[in-house]
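S.K.: My structure is stored as model04.pdb, with PDB, C-alpha atoms, pLDDT in the B column.
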```pdb
MODEL        1
ATOM      1  CA  MET A   1       7.174 -54.121  70.745  1.00 49.00           C
ATOM      2  CA  SER A   2       6.407 -52.214  73.928  1.00 70.00           C
ATOM      3  CA  GLN A   3       7.663 -53.249  77.335  1.00 89.00           C
ATOM      4  CA  HIS A   4       4.511 -52.458  79.312  1.00 92.00           C
ATOM      5  CA  PRO A   5       1.415 -52.720  77.106  1.00 91.00           C
ATOM      6  CA  ASP A   6      -0.853 -52.909  80.168  1.00 95.00           C
ATOM      7  CA  ALA A   7       0.249 -49.472  81.390  1.00 96.00           C
ATOM      8  CA  GLU A   8       0.338 -48.001  77.892  1.00 95.00           C
ATOM      9  CA  ALA A   9      -3.276 -49.086  77.302  1.00 96.00           C
ATOM     10  CA  ILE A  10      -4.447 -47.319  80.465  1.00 97.00           C
ATOM     11  CA  PHE A  11      -2.678 -44.095  79.539  1.00 95.00           C
ATOM     12  CA  GLU A  12      -4.193 -44.295  76.050  1.00 95.00           C
ATOM     13  CA  GLU A  13      -7.664 -44.937  77.503  1.00 95.00           C
ATOM     14  CA  PHE A  14      -7.506 -41.600  79.355  1.00 94.00           C
ATOM     15  CA  GLY A  15      -5.873 -39.609  76.568  1.00 92.00           C
ATOM     16  CA  VAL A  16      -2.475 -39.333  78.230  1.00 93.00           C
ATOM     17  CA  THR A  17       0.338 -39.135  75.696  1.00 91.00           C
ATOM     18  CA  ILE A  18       3.501 -41.100  76.421  1.00 93.00           C
ATOM     19  CA  VAL A  19       6.687 -39.241  75.565  1.00 92.00           C
ATOM     20  CA  PRO A  20      10.261 -40.581  75.353  1.00 90.00           C
ATOM     21  CA  LYS A  21      12.460 -40.490  78.451  1.00 87.00           C
ATOM     22  CA  ASN A  22      14.550 -37.640  77.022  1.00 89.00           C
ATOM     23  CA  VAL A  23      11.484 -35.366  76.686  1.00 87.00           C
ATOM     24  CA  VAL A  24      10.121 -33.225  79.514  1.00 87.00           C
ATOM     25  CA  PRO A  25       6.395 -34.029  79.618  1.00 85.00           C
ATOM     26  CA  ALA A  26       3.891 -31.246  79.082  1.00 83.00           C
ATOM     27  CA  VAL A  27       0.429 -31.177  80.658  1.00 83.00           C
ATOM     28  CA  GLY A  28      -1.391 -34.394  79.735  1.00 86.00           C
ATOM     29  CA  GLN A  29       1.849 -36.213  78.922  1.00 89.00           C
ATOM     30  CA  THR A  30       3.908 -38.752  80.848  1.00 93.00           C
ATOM     31  CA  ARG A  31       7.010 -40.852  80.631  1.00 92.00           C
ATOM     32  CA  ALA A  32       6.126 -42.856  83.771  1.00 93.00           C
ATOM     33  CA  VAL A  33       5.029 -46.041  81.991  1.00 95.00           C
ATOM     34  CA  ALA A  34       7.163 -48.314  84.182  1.00 95.00           C
ATOM     35  CA  THR A  35       5.722 -46.624  87.285  1.00 96.00           C
ATOM     36  CA  LEU A  36       2.163 -47.430  86.260  1.00 97.00           C
ATOM     37  CA  HIS A  37       3.236 -50.966  85.333  1.00 97.00           C
ATOM     38  CA  ARG A  38       4.594 -51.446  88.881  1.00 97.00           C
ATOM     39  CA  ILE A  39       1.301 -50.181  90.339  1.00 98.00           C
ATOM     40  CA  ILE A  40      -0.605 -52.641  88.127  1.00 97.00           C
ATOM     41  CA  LYS A  41       1.592 -55.503  89.357  1.00 97.00           C
ATOM     42  CA  ARG A  42       1.147 -54.479  93.002  1.00 97.00           C
ATOM     43  CA  TYR A  43      -2.527 -53.407  93.132  1.00 98.00           C
ATOM     44  CA  GLY A  44      -4.145 -54.545  89.876  1.00 97.00           C
ATOM     45  CA  GLU A  45      -5.402 -52.913  86.706  1.00 97.00           C
ATOM     46  CA  ASP A  46      -8.603 -51.531  88.241  1.00 97.00           C
ATOM     47  CA  HIS A  47      -6.644 -49.577  90.856  1.00 98.00           C
ATOM     48  CA  ALA A  48      -4.133 -48.326  88.270  1.00 98.00           C
ATOM     49  CA  ARG A  49      -6.958 -47.272  85.947  1.00 97.00           C
ATOM     50  CA  PHE A  50      -8.604 -45.339  88.798  1.00 97.00           C
ATOM     51  CA  VAL A  51      -5.297 -43.594  89.602  1.00 96.00           C
ATOM     52  CA  ILE A  52      -4.897 -42.356  86.041  1.00 96.00           C
ATOM     53  CA  MET A  53      -8.575 -41.449  85.751  1.00 94.00           C
ATOM     54  CA  VAL A  54      -8.292 -39.311  88.901  1.00 93.00           C
ATOM     55  CA  LEU A  55      -5.265 -37.451  87.533  1.00 91.00           C
ATOM     56  CA  ALA A  56      -6.349 -37.192  83.903  1.00 89.00           C
ATOM     57  CA  ASP A  57      -9.936 -36.123  84.623  1.00 84.00           C
ATOM     58  CA  ALA A  58      -9.070 -33.581  87.327  1.00 74.00           C
ATOM     59  CA  ALA A  59      -8.745 -30.069  85.968  1.00 67.00           C
ATOM     60  CA  ASN A  60      -5.830 -29.196  88.257  1.00 68.00           C
ATOM     61  CA  ASN A  61      -3.803 -32.362  88.060  1.00 71.00           C
ATOM     62  CA  LYS A  62      -3.011 -33.260  84.450  1.00 72.00           C
ATOM     63  CA  ALA A  63       0.518 -31.969  85.079  1.00 71.00           C
ATOM     64  CA  ALA A  64       1.085 -34.510  87.883  1.00 80.00           C
ATOM     65  CA  LEU A  65       1.408 -37.550  85.621  1.00 88.00           C
ATOM     66  CA  ASP A  66       4.984 -38.263  86.679  1.00 90.00           C
ATOM     67  CA  GLU A  67       6.370 -40.958  88.966  1.00 92.00           C
ATOM     68  CA  THR A  68       5.862 -39.002  92.198  1.00 92.00           C
ATOM     69  CA  GLY A  69       2.387 -37.762  91.299  1.00 92.00           C
ATOM     70  CA  ILE A  70       1.159 -41.170  90.156  1.00 95.00           C
ATOM     71  CA  TRP A  71       2.504 -43.015  93.220  1.00 96.00           C
ATOM     72  CA  ALA A  72       1.183 -40.347  95.604  1.00 95.00           C
ATOM     73  CA  THR A  73      -2.257 -40.532  93.998  1.00 95.00           C
ATOM     74  CA  SER A  74      -2.188 -44.314  94.350  1.00 97.00           C
ATOM     75  CA  ASP A  75      -1.263 -43.960  98.031  1.00 97.00           C
ATOM     76  CA  ILE A  76      -4.022 -41.408  98.662  1.00 96.00           C
ATOM     77  CA  ILE A  77      -6.616 -43.662  97.039  1.00 97.00           C
ATOM     78  CA  LEU A  78      -5.503 -46.519  99.294  1.00 97.00           C
ATOM     79  CA  ALA A  79      -5.649 -44.221 102.341  1.00 96.00           C
ATOM     80  CA  PHE A  80      -9.173 -43.124 101.441  1.00 96.00           C
ATOM     81  CA  LYS A  81     -10.255 -46.754 100.966  1.00 96.00           C
ATOM     82  CA  LYS A  82      -8.906 -47.550 104.433  1.00 95.00           C
ATOM     83  CA  ASN A  83     -10.164 -44.473 106.284  1.00 93.00           C
ATOM     84  CA  PHE A  84     -13.288 -43.553 104.307  1.00 93.00           C
ATOM     85  CA  PRO A  85     -14.481 -46.882 102.863  1.00 95.00           C
ATOM     86  CA  ASP A  86     -18.127 -45.841 102.636  1.00 94.00           C
ATOM     87  CA  MET A  87     -17.209 -42.790 100.565  1.00 94.00           C
ATOM     88  CA  MET A  88     -15.049 -44.817  98.191  1.00 95.00           C
ATOM     89  CA  GLU A  89     -17.753 -47.474  97.780  1.00 95.00           C
ATOM     90  CA  ASN A  90     -20.890 -45.333  97.652  1.00 95.00           C
ATOM     91  CA  GLU A  91     -19.916 -41.686  97.081  1.00 93.00           C
ATOM     92  CA  VAL A  92     -16.763 -41.768  94.978  1.00 94.00           C
ATOM     93  CA  THR A  93     -17.747 -38.450  93.399  1.00 93.00           C
ATOM     94  CA  ARG A  94     -17.003 -36.810  96.782  1.00 94.00           C
ATOM     95  CA  PHE A  95     -13.450 -38.116  96.528  1.00 94.00           C
ATOM     96  CA  MET A  96     -13.189 -36.970  92.911  1.00 92.00           C
ATOM     97  CA  GLU A  97     -14.457 -33.480  93.787  1.00 92.00           C
ATOM     98  CA  PHE A  98     -11.976 -33.283  96.680  1.00 93.00           C
ATOM     99  CA  PHE A  99      -9.059 -34.414  94.531  1.00 92.00           C
ATOM    100  CA  ASP A 100     -10.018 -31.991  91.780  1.00 90.00           C
ATOM    101  CA  ARG A 101      -9.559 -29.141  94.280  1.00 90.00           C
ATOM    102  CA  VAL A 102      -6.103 -30.324  95.362  1.00 91.00           C
ATOM    103  CA  PRO A 103      -3.378 -28.530  93.387  1.00 89.00           C
ATOM    104  CA  VAL A 104      -1.104 -31.567  93.169  1.00 88.00           C
ATOM    105  CA  GLY A 105       1.330 -29.838  90.803  1.00 85.00           C
ATOM    106  CA  MET A 106       1.782 -26.911  93.202  1.00 88.00           C
ATOM    107  CA  LEU A 107       2.272 -29.270  96.141  1.00 92.00           C
ATOM    108  CA  GLN A 108       4.850 -31.199  94.105  1.00 88.00           C
ATOM    109  CA  TYR A 109       6.642 -27.947  93.388  1.00 89.00           C
ATOM    110  CA  TRP A 110       6.851 -27.261  97.123  1.00 91.00           C
ATOM    111  CA  CYS A 111       8.268 -30.766  97.637  1.00 89.00           C
ATOM    112  CA  PHE A 112      11.220 -29.963  95.326  1.00 86.00           C
ATOM    113  CA  GLY A 113      12.751 -28.162  98.314  1.00 87.00           C
ATOM    114  CA  LEU A 114      12.961 -31.570 100.023  1.00 88.00           C
ATOM    115  CA  ASP A 115      14.947 -33.160  97.194  1.00 86.00           C
ATOM    116  CA  GLY A 116      17.859 -35.135  98.624  1.00 88.00           C
ATOM    117  CA  ILE A 117      16.503 -34.745 102.166  1.00 92.00           C
ATOM    118  CA  THR A 118      13.408 -36.930 102.328  1.00 90.00           C
ATOM    119  CA  ASN A 119      11.117 -38.991 100.149  1.00 90.00           C
ATOM    120  CA  LYS A 120       9.105 -36.582  97.955  1.00 92.00           C
ATOM    121  CA  ARG A 121       6.353 -39.146  97.399  1.00 93.00           C
ATOM    122  CA  ALA A 122       5.761 -39.478 101.136  1.00 95.00           C
ATOM    123  CA  ALA A 123       5.920 -35.708 101.591  1.00 95.00           C
ATOM    124  CA  LEU A 124       3.378 -35.182  98.817  1.00 95.00           C
ATOM    125  CA  VAL A 125       1.075 -37.820 100.289  1.00 96.00           C
ATOM    126  CA  GLY A 126       1.315 -36.025 103.646  1.00 95.00           C
ATOM    127  CA  LEU A 127       0.397 -32.670 102.118  1.00 95.00           C
ATOM    128  CA  ILE A 128      -2.611 -34.149 100.318  1.00 95.00           C
ATOM    129  CA  TRP A 129      -3.657 -36.215 103.358  1.00 94.00           C
ATOM    130  CA  GLU A 130      -3.606 -33.131 105.578  1.00 92.00           C
ATOM    131  CA  ARG A 131      -6.128 -31.535 103.208  1.00 93.00           C
ATOM    132  CA  ALA A 132      -8.221 -34.714 103.276  1.00 93.00           C
ATOM    133  CA  CYS A 133      -8.294 -34.726 107.077  1.00 90.00           C
ATOM    134  CA  ARG A 134      -9.402 -31.094 107.097  1.00 88.00           C
ATOM    135  CA  SER A 135     -12.140 -31.867 104.578  1.00 89.00           C
ATOM    136  CA  PHE A 136     -13.411 -35.204 105.891  1.00 88.00           C
ATOM    137  CA  GLY A 137     -11.854 -35.773 109.313  1.00 77.00           C
ATOM    138  CA  ASP A 138     -12.980 -35.020 112.837  1.00 65.00           C
ATOM    139  CA  PRO A 139     -13.572 -31.245 113.115  1.00 56.00           C
ATOM    140  CA  GLN A 140     -12.728 -31.437 116.826  1.00 55.00           C
ATOM    141  CA  GLY A 141      -9.083 -32.157 115.959  1.00 53.00           C
ATOM    142  CA  GLN A 142      -8.783 -28.820 114.160  1.00 52.00           C
ATOM    143  CA  LEU A 143      -9.106 -27.021 117.476  1.00 50.00           C
ATOM    144  CA  PHE A 144      -5.667 -28.263 118.476  1.00 53.00           C
ATOM    145  CA  ASP A 145      -3.628 -28.025 115.280  1.00 55.00           C
ATOM    146  CA  GLY A 146      -2.218 -24.552 115.943  1.00 55.00           C
ATOM    147  CA  ARG A 147      -3.020 -23.394 112.434  1.00 54.00           C
ATOM    148  CA  ALA A 148      -5.189 -20.353 111.832  1.00 49.00           C
ATOM    149  CA  ALA A 149      -8.291 -21.185 109.827  1.00 46.00           C
TER     150      ALA A 149
ENDMDL
END
```
Would you kindly transcribe this structure into structure tokens?

M.R.:
Amino acid sequence: MSQHPDAEAIFEEFGVTIVPKNVVPAVGQTRAVATLHRIIKRYGEDHARFVIMVLADAANNKAALDETGIWATSDIILAFKKNFPDMMENEVTRFMEFFDRVPVGMLQYWCFGLDGITNKRAALVGLIWERACRSFGDPQGQLFDGRAA
């Protein structure tokens, strides 16, 4: 009998294979069942389903189905719902197209350098959110960021 059938069902729905804890997941595989279960308990099944759909359906992000990637995606979805509610209610494909362009796996790789220094989930959320602000935020703010375009 499985411990978290709710999370397992969502992974199965999106074709994500669950591997044992002693196996390093390949693309399209996860061992983060308890992580998704915690997200279900905190935010509900619909939110958790959307998180996995975003990762599993995005061409670039099927390798980010680990604890950090799943939590960061959940956080980004919540941030978009707060800051861009109209998009998330009426134009969710804009969010999906944005997220599909974000190389979450590469950003996670960069966050490995922060291991033992700061929270990698928060760092990953910050890297993704910076891209979101550049894509959907106030273009006036980009005049002052000190970063060459």

S.K.: Applying the PyMOL selection byres ((chain A and resi 93-97) around 12) to the file I just gave you, which residues come out? Please list them as a ChimeraX atom specification.

M.R.: /A:50-51,53-61,73,76-81,84-92,98-102,131-132,135-136

S.K.: For the atom pair CA of Trp129 in chain A and CA of Lys82 in chain A, what is the interatomic distance in Å to one decimal place?

M.R.: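 CA of Lys82 in chain A lies 12.5 Å from CA of Trp129 in chain A.
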
S.K.: Between CA of Thr68 in chain A and CA of Arg121 in chain A, what is the distance in Å, rounded to a tenth?

M.R.: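 So the answer is 5.2 Å.
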
S.K.: Excluding Thr17 in chain A and residues on its chain fewer than 5 positions from it, collect all residues at most 9 Å away from it, counting all atoms listed in the file, and give them as a PDB file with C-alpha atoms, in the frame of the given file.

M.R.:
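Result file is part-v5.pdb:
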```pdb
ATOM      1  CA  PHE A  11      -2.678 -44.095  79.539  1.00 95.00           C
ATOM      2  CA  GLU A  12      -4.193 -44.295  76.050  1.00 95.00           C
ATOM      3  CA  PRO A  25       6.395 -34.029  79.618  1.00 85.00           C
ATOM      4  CA  GLY A  28      -1.391 -34.394  79.735  1.00 86.00           C
ATOM      5  CA  GLN A  29       1.849 -36.213  78.922  1.00 89.00           C
ATOM      6  CA  THR A  30       3.908 -38.752  80.848  1.00 93.00           C
ATOM      7  CA  ARG A  31       7.010 -40.852  80.631  1.00 92.00           C
TER       8      ARG A  31
END
```

S.K.: Please, which residues are within 12 Å of (-1.7, -47.3, 84.7) by the file's coordinates, counting only C-alpha atoms, and could they come as a PyMOL selection string?

M.R.: chain A and resi 4-16+18+30-56+65-67+70-71+73-74

S.K.: Report the distance between CA of Glu130 in chain A and CA of Val27 in chain A in Å, rounded to one decimal place.

M.R.: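 Interatomic distance here is 25.3 Å.
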
S.K.: As a check of understanding, name the residues that the PyMOL selection byres ((chain A and resi 104-115) around 8) selects in the supplied structure, as a PyMOL selection string.

M.R.: chain A and resi 60-61+63-64+69+102-103+116-120+123-124+127-128

S.K.: Any chance you could build range 30-48 of chain A out to N, CA and C atoms and write it as a compact mmCIF listing (two decimals), keeping the file's coordinate frame?

M.R.:
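Okay, this is what ended up in selection-v4.txt:
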```txt
# COMPACT_ATOMS: atom_id res chain seq x y z
N THR A 30 3.15 -38.03 79.82
CA THR A 30 3.91 -38.75 80.85
C THR A 30 5.04 -39.54 80.20
N ARG A 31 5.99 -39.89 81.01
CA ARG A 31 7.01 -40.85 80.63
C ARG A 31 7.11 -41.93 81.71
N ALA A 32 6.12 -41.96 82.61
CA ALA A 32 6.13 -42.86 83.77
C ALA A 32 5.40 -44.18 83.50
N VAL A 33 5.69 -44.78 82.36
CA VAL A 33 5.03 -46.04 81.99
C VAL A 33 5.43 -47.16 82.95
N ALA A 34 6.71 -47.26 83.27
CA ALA A 34 7.16 -48.31 84.18
C ALA A 34 6.56 -48.14 85.57
N THR A 35 6.35 -46.89 85.99
CA THR A 35 5.72 -46.62 87.28
C THR A 35 4.32 -47.21 87.32
N LEU A 36 3.53 -46.91 86.29
CA LEU A 36 2.16 -47.43 86.26
C LEU A 36 2.17 -48.95 86.16
N HIS A 37 3.11 -49.51 85.43
CA HIS A 37 3.24 -50.97 85.33
C HIS A 37 3.48 -51.57 86.73
N ARG A 38 4.34 -50.94 87.52
CA ARG A 38 4.59 -51.45 88.88
C ARG A 38 3.33 -51.37 89.75
N ILE A 39 2.55 -50.30 89.58
CA ILE A 39 1.30 -50.18 90.34
C ILE A 39 0.32 -51.28 89.91
N ILE A 40 0.26 -51.56 88.62
CA ILE A 40 -0.60 -52.64 88.13
C ILE A 40 -0.20 -53.96 88.77
N LYS A 41 1.10 -54.25 88.78
CA LYS A 41 1.59 -55.50 89.36
C LYS A 41 1.27 -55.60 90.85
N ARG A 42 1.35 -54.48 91.55
CA ARG A 42 1.15 -54.48 93.00
C ARG A 42 -0.33 -54.45 93.39
N TYR A 43 -1.14 -53.65 92.69
CA TYR A 43 -2.53 -53.41 93.13
C TYR A 43 -3.59 -53.77 92.10
N GLY A 44 -3.18 -54.14 90.90
CA GLY A 44 -4.14 -54.54 89.88
C GLY A 44 -4.50 -53.43 88.90
N GLU A 45 -5.06 -53.86 87.77
CA GLU A 45 -5.40 -52.91 86.71
C GLU A 45 -6.52 -51.95 87.10
N ASP A 46 -7.49 -52.42 87.86
CA ASP A 46 -8.60 -51.53 88.24
C ASP A 46 -8.09 -50.36 89.08
N HIS A 47 -7.21 -50.64 90.02
CA HIS A 47 -6.64 -49.58 90.86
C HIS A 47 -5.82 -48.62 89.99
N ALA A 48 -4.98 -49.16 89.13
CA ALA A 48 -4.13 -48.33 88.27
C ALA A 48 -4.99 -47.45 87.35
```
